[in-house]
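Novice: Dropping the structure in here first, questions after.
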Amino acid sequence: MAEIFLIRPKTLSNQSISMTETKALSTNVAGYTFNLTDTKKNVSVPPTSEPRDQVAFYAYMSTNEPANLPRHHTLIFDTVKTNMGLGYHKGDGIFIVPTAGLYVFSWTVTVEINGWASVEIVVNAEVQGAAFAEDFNNWDSGTGMIVVNVDAGDHVFLRMQENGRAVIHSNVRGRTSFSGWKLQ
Ligand SMILES: [Ca+2]
């Protein structure tokens with residue numbers, strides 16, 4: 001007596017466990033009748049997408065920003081390396097909080113010789129922090145980091161705190177970047 005099971009995926013969810021059903025089948029193959037029984041079992045299936053609760057992003061500028069950016073110019077990070085939860089939008093540089101919680105945000109701003117840039121981080125309309133880089137004889141960079149409670153749908157972005165001088169730099173030697181992740 002042989003048994004044949006047809007494995008038919010029933011549902012795929014965002015969770016790591018989903019149900020696969022084994023369907024009963026009676027058939028006749030080459031003169032032999034196979035009597036098959038109903039059975040079900042749980043199997044582990046890789047998730048088809050990231051759980052909504054995991055949020056982390058990292059993006060950097062692929063090239064320099066133009067010189068002398070004006071106050072409140074929003075910085076856009078066009079090279080996205082990580083975007084779990086899909087909160088970061090490279091079209092406008094805005095991170096839209098997917099799920100409420102305690103988040104860490106970090107950014108680095110790099111300037112070339114004679115450069116000056118003060119970059120502030122904004123949650124909706126409220127400034128939450130700032131970091132600057134300035135140097136007359138060398139290249140320079142500054143990094144900021146904040147820990148903040150945010151709600152789903154909040155907009156988090158980086159902008160010039162005041163008028164800049166020279167270009168904001170970003171190439172293989174140093175990146176101007178924006179990242180964040182959900183702590184809990
Ligand atoms: Ca400096």
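Each chain in the structure tokens gets a letter, A, B and so on, in the order shown; residues start at 1 in every chain, and ligands are counted from 1 in the order they appear.
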Hey, what's within 8 Å of stretch 98-110 of chain A if we count only C-alpha atoms and toss same-chain stuff fewer than 5 positions away? As a PyMOL selection string, please?

Specialist: chain A and resi 52-53+55+85-87+117+119+131-133+139-153+168-170+174-184

Novice: Those residues with N, CA and C atoms, as a compact mmCIF listing (two decimals), in the first residue's frame please?

Specialist:
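After the write, part_34.txt holds the following:
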# COMPACT_ATOMS: atom_id res chain seq x y z
N ARG A 52 4.94 43.77 10.29
CA ARG A 52 4.76 45.21 10.34
C ARG A 52 5.48 45.84 11.53
N ASP A 53 5.71 45.04 12.55
CA ASP A 53 6.29 45.60 13.76
C ASP A 53 7.77 45.93 13.62
N VAL A 55 10.68 47.82 12.21
CA VAL A 55 10.88 49.06 11.48
C VAL A 55 12.34 49.46 11.60
N GLY A 85 9.56 47.90 6.95
CA GLY A 85 8.37 48.63 7.33
C GLY A 85 7.97 49.68 6.32
N LEU A 86 8.86 49.95 5.36
CA LEU A 86 8.59 50.85 4.23
C LEU A 86 8.20 52.25 4.67
N GLY A 87 8.76 52.71 5.80
CA GLY A 87 8.41 54.05 6.29
C GLY A 87 9.15 55.17 5.58
N ALA A 117 27.15 73.48 7.60
CA ALA A 117 25.77 73.02 7.54
C ALA A 117 25.31 72.65 8.94
N VAL A 119 22.04 70.88 10.54
CA VAL A 119 20.88 70.09 10.11
C VAL A 119 20.05 69.73 11.32
N ALA A 131 22.47 68.99 14.51
CA ALA A 131 23.90 68.70 14.50
C ALA A 131 24.52 69.50 13.36
N PHE A 132 25.77 69.93 13.55
CA PHE A 132 26.39 70.72 12.50
C PHE A 132 27.79 70.21 12.18
N ALA A 133 28.25 70.63 11.00
CA ALA A 133 29.63 70.40 10.58
C ALA A 133 30.13 71.70 9.98
N TRP A 139 37.80 68.88 5.50
CA TRP A 139 36.44 68.37 5.44
C TRP A 139 36.02 68.05 6.87
N ASP A 140 34.71 67.99 7.07
CA ASP A 140 34.23 67.80 8.43
C ASP A 140 32.90 67.07 8.39
N SER A 141 32.55 66.45 9.51
CA SER A 141 31.22 65.84 9.61
C SER A 141 30.70 65.95 11.03
N GLY A 142 29.40 65.97 11.14
CA GLY A 142 28.74 65.98 12.44
C GLY A 142 27.63 64.95 12.45
N THR A 143 27.38 64.37 13.62
CA THR A 143 26.35 63.34 13.75
C THR A 143 25.41 63.68 14.90
N GLY A 144 24.14 63.47 14.69
CA GLY A 144 23.15 63.64 15.74
C GLY A 144 22.37 62.36 15.95
N MET A 145 21.86 62.20 17.16
CA MET A 145 21.03 61.03 17.45
C MET A 145 19.99 61.43 18.48
N ILE A 146 18.76 61.00 18.27
CA ILE A 146 17.71 61.27 19.24
C ILE A 146 16.94 59.98 19.53
N VAL A 147 16.31 59.94 20.68
CA VAL A 147 15.41 58.86 21.06
C VAL A 147 14.08 59.51 21.39
N VAL A 148 13.03 59.11 20.70
CA VAL A 148 11.78 59.86 20.80
C VAL A 148 10.58 58.94 20.62
N ASN A 149 9.51 59.25 21.33
CA ASN A 149 8.24 58.55 21.13
C ASN A 149 7.48 59.19 19.98
N VAL A 150 7.05 58.38 19.05
CA VAL A 150 6.30 58.90 17.91
C VAL A 150 5.05 58.05 17.69
N ASP A 151 4.09 58.68 17.00
CA ASP A 151 2.84 58.01 16.69
C ASP A 151 2.83 57.56 15.22
N ALA A 152 2.01 56.58 14.93
CA ALA A 152 1.86 56.16 13.54
C ALA A 152 1.40 57.34 12.69
N GLY A 153 2.04 57.52 11.56
CA GLY A 153 1.69 58.61 10.67
C GLY A 153 2.50 59.87 10.86
N ILE A 168 26.97 70.39 0.76
CA ILE A 168 26.90 69.23 1.66
C ILE A 168 27.46 68.06 0.88
N HIS A 169 28.41 67.39 1.48
CA HIS A 169 29.21 66.41 0.77
C HIS A 169 28.65 64.99 0.96
N SER A 170 28.74 64.19 -0.11
CA SER A 170 28.44 62.76 0.02
C SER A 170 29.06 62.01 -1.14
N GLY A 174 32.88 59.80 2.34
CA GLY A 174 32.06 60.19 3.48
C GLY A 174 30.63 60.41 3.04
N ARG A 175 29.71 59.91 3.79
CA ARG A 175 28.30 59.98 3.41
C ARG A 175 27.51 60.89 4.33
N THR A 176 26.61 61.63 3.72
CA THR A 176 25.56 62.31 4.47
C THR A 176 24.36 61.37 4.47
N SER A 177 23.89 61.00 5.66
CA SER A 177 22.95 59.89 5.74
C SER A 177 21.89 60.12 6.82
N PHE A 178 20.86 59.29 6.76
CA PHE A 178 19.71 59.37 7.67
C PHE A 178 19.30 57.93 7.97
N SER A 179 19.15 57.60 9.26
CA SER A 179 18.72 56.25 9.61
C SER A 179 17.84 56.29 10.85
N GLY A 180 17.13 55.22 11.07
CA GLY A 180 16.28 55.13 12.25
C GLY A 180 15.78 53.73 12.45
N TRP A 181 15.39 53.43 13.67
CA TRP A 181 14.84 52.11 13.96
C TRP A 181 13.95 52.18 15.20
N LYS A 182 13.03 51.24 15.24
CA LYS A 182 12.09 51.17 16.36
C LYS A 182 12.71 50.36 17.49
N LEU A 183 12.77 50.99 18.67
CA LEU A 183 13.31 50.30 19.83
C LEU A 183 12.28 49.35 20.43
N GLN A 184 11.07 49.86 20.61
CA GLN A 184 9.99 49.06 21.19
C GLN A 184 8.65 49.72 20.95

Novice: Quick one: of A:Asn138, A:Asn163, A:Gln54, A:Thr74, who's nearest to ligand 1, counting only C-alpha atoms and all ligand atoms?

Specialist: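 Closest to ligand 1 of all the choices is A:Asn138.
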
Novice: Find the residue from A:Asn114, A:Asn68, A:Asn171, A:Gln161 that sits nearest to A:Ala130; use only C-alpha atoms when measuring.

Specialist: A:Gln161

Novice: Taking only C-alpha atoms into account, which of A:Met160, A:Arg165, A:Ile113, A:Asp135 comes nearest A:Leu75?

Specialist: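 Looking only at the distances to A:Leu75, the closest residue turns out to be A:Met160.
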
Novice: Counting only C-alpha atoms and all ligand atoms, which of A:Lys81, A:Val167, A:Ser118, A:Gln128 gets nearest to ligand 1?

Specialist: A:Ser118

Novice: How far is it from atom CA of A:Tyr88 to atom CA of A:Glu65, in Å with one decimal?

Specialist: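 Between these atoms lies a distance of 19.3 Å.
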
Novice: Enumerate as a ChimeraX atom specification all residues of stretch 77-157 of chain A assigned to strand (DSSP E) by DSSP on the backbone, naming them with the chain letters and numbers the document uses.

Specialist: /A:79-84,88-89,94-96,101-111,115-123,126-135,140-150,155-157

Novice: Once you have the residues from the selection above, write them out as a PDB file, in the first residue's frame, restricted to C-alpha atoms.

Specialist:
ATOM      1  CA  THR A  79      20.045  55.711  -1.944  1.00  0.00           C
ATOM      2  CA  VAL A  80      18.007  53.434   0.301  1.00  0.00           C
ATOM      3  CA  LYS A  81      19.908  50.507   1.784  1.00  0.00           C
ATOM      4  CA  THR A  82      17.394  49.385   4.410  1.00  0.00           C
ATOM      5  CA  ASN A  83      13.670  50.078   4.616  1.00  0.00           C
ATOM      6  CA  MET A  84      11.935  47.511   6.815  1.00  0.00           C
ATOM      7  CA  TYR A  88      11.152  55.949   4.473  1.00  0.00           C
ATOM      8  CA  HIS A  89      10.256  57.728   1.210  1.00  0.00           C
ATOM      9  CA  ILE A  94      10.360  61.901   4.736  1.00  0.00           C
ATOM     10  CA  PHE A  95      10.044  58.960   7.113  1.00  0.00           C
ATOM     11  CA  ILE A  96       6.401  58.288   7.916  1.00  0.00           C
ATOM     12  CA  GLY A 101       6.576  53.429  19.569  1.00  0.00           C
ATOM     13  CA  LEU A 102       9.960  54.496  20.861  1.00  0.00           C
ATOM     14  CA  TYR A 103      12.368  55.198  17.999  1.00  0.00           C
ATOM     15  CA  VAL A 104      16.032  56.086  17.522  1.00  0.00           C
ATOM     16  CA  PHE A 105      16.962  58.428  14.680  1.00  0.00           C
ATOM     17  CA  SER A 106      20.497  59.208  13.634  1.00  0.00           C
ATOM     18  CA  TRP A 107      21.953  61.400  10.917  1.00  0.00           C
ATOM     19  CA  THR A 108      25.367  62.470   9.705  1.00  0.00           C
ATOM     20  CA  VAL A 109      26.136  65.612   7.727  1.00  0.00           C
ATOM     21  CA  THR A 110      29.446  66.023   5.911  1.00  0.00           C
ATOM     22  CA  VAL A 111      30.885  69.215   4.402  1.00  0.00           C
ATOM     23  CA  GLY A 115      31.603  74.162   4.279  1.00  0.00           C
ATOM     24  CA  TRP A 116      29.021  74.856   6.924  1.00  0.00           C
ATOM     25  CA  ALA A 117      25.774  73.023   7.544  1.00  0.00           C
ATOM     26  CA  SER A 118      23.504  72.799  10.547  1.00  0.00           C
ATOM     27  CA  VAL A 119      20.885  70.093  10.106  1.00  0.00           C
ATOM     28  CA  GLU A 120      17.878  69.738  12.365  1.00  0.00           C
ATOM     29  CA  ILE A 121      15.526  66.803  12.756  1.00  0.00           C
ATOM     30  CA  VAL A 122      11.828  67.539  12.746  1.00  0.00           C
ATOM     31  CA  VAL A 123       8.898  65.409  13.906  1.00  0.00           C
ATOM     32  CA  GLU A 126       8.530  70.225  16.088  1.00  0.00           C
ATOM     33  CA  VAL A 127      12.325  70.398  15.998  1.00  0.00           C
ATOM     34  CA  GLN A 128      13.756  67.541  18.089  1.00  0.00           C
ATOM     35  CA  GLY A 129      17.499  68.014  17.650  1.00  0.00           C
ATOM     36  CA  ALA A 130      20.304  69.419  15.515  1.00  0.00           C
ATOM     37  CA  ALA A 131      23.904  68.697  14.500  1.00  0.00           C
ATOM     38  CA  PHE A 132      26.394  70.722  12.500  1.00  0.00           C
ATOM     39  CA  ALA A 133      29.633  70.397  10.580  1.00  0.00           C
ATOM     40  CA  GLU A 134      31.960  73.276   9.734  1.00  0.00           C
ATOM     41  CA  ASP A 135      35.528  73.647   8.614  1.00  0.00           C
ATOM     42  CA  ASP A 140      34.235  67.795   8.428  1.00  0.00           C
ATOM     43  CA  SER A 141      31.221  65.842   9.606  1.00  0.00           C
ATOM     44  CA  GLY A 142      28.743  65.976  12.439  1.00  0.00           C
ATOM     45  CA  THR A 143      26.350  63.339  13.750  1.00  0.00           C
ATOM     46  CA  GLY A 144      23.149  63.640  15.740  1.00  0.00           C
ATOM     47  CA  MET A 145      21.029  61.030  17.451  1.00  0.00           C
ATOM     48  CA  ILE A 146      17.707  61.274  19.243  1.00  0.00           C
ATOM     49  CA  VAL A 147      15.406  58.860  21.056  1.00  0.00           C
ATOM     50  CA  VAL A 148      11.778  59.864  20.803  1.00  0.00           C
ATOM     51  CA  ASN A 149       8.242  58.547  21.132  1.00  0.00           C
ATOM     52  CA  VAL A 150       6.302  58.900  17.913  1.00  0.00           C
ATOM     53  CA  HIS A 155       6.486  62.706   9.652  1.00  0.00           C
ATOM     54  CA  VAL A 156      10.189  62.681  10.527  1.00  0.00           C
ATOM     55  CA  PHE A 157      12.689  64.474   8.309  1.00  0.00           C
TER      56      PHE A 157
END

Novice: Counting only C-alpha atoms and all ligand atoms, figure out which residue out of A:Asn137, A:Pro66, A:Asp78, A:Tyr60 gets nearest to ligand 1.

Specialist: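 Once distances to ligand 1 are computed over only C-alpha atoms and all ligand atoms, the minimum belongs to A:Asn137.
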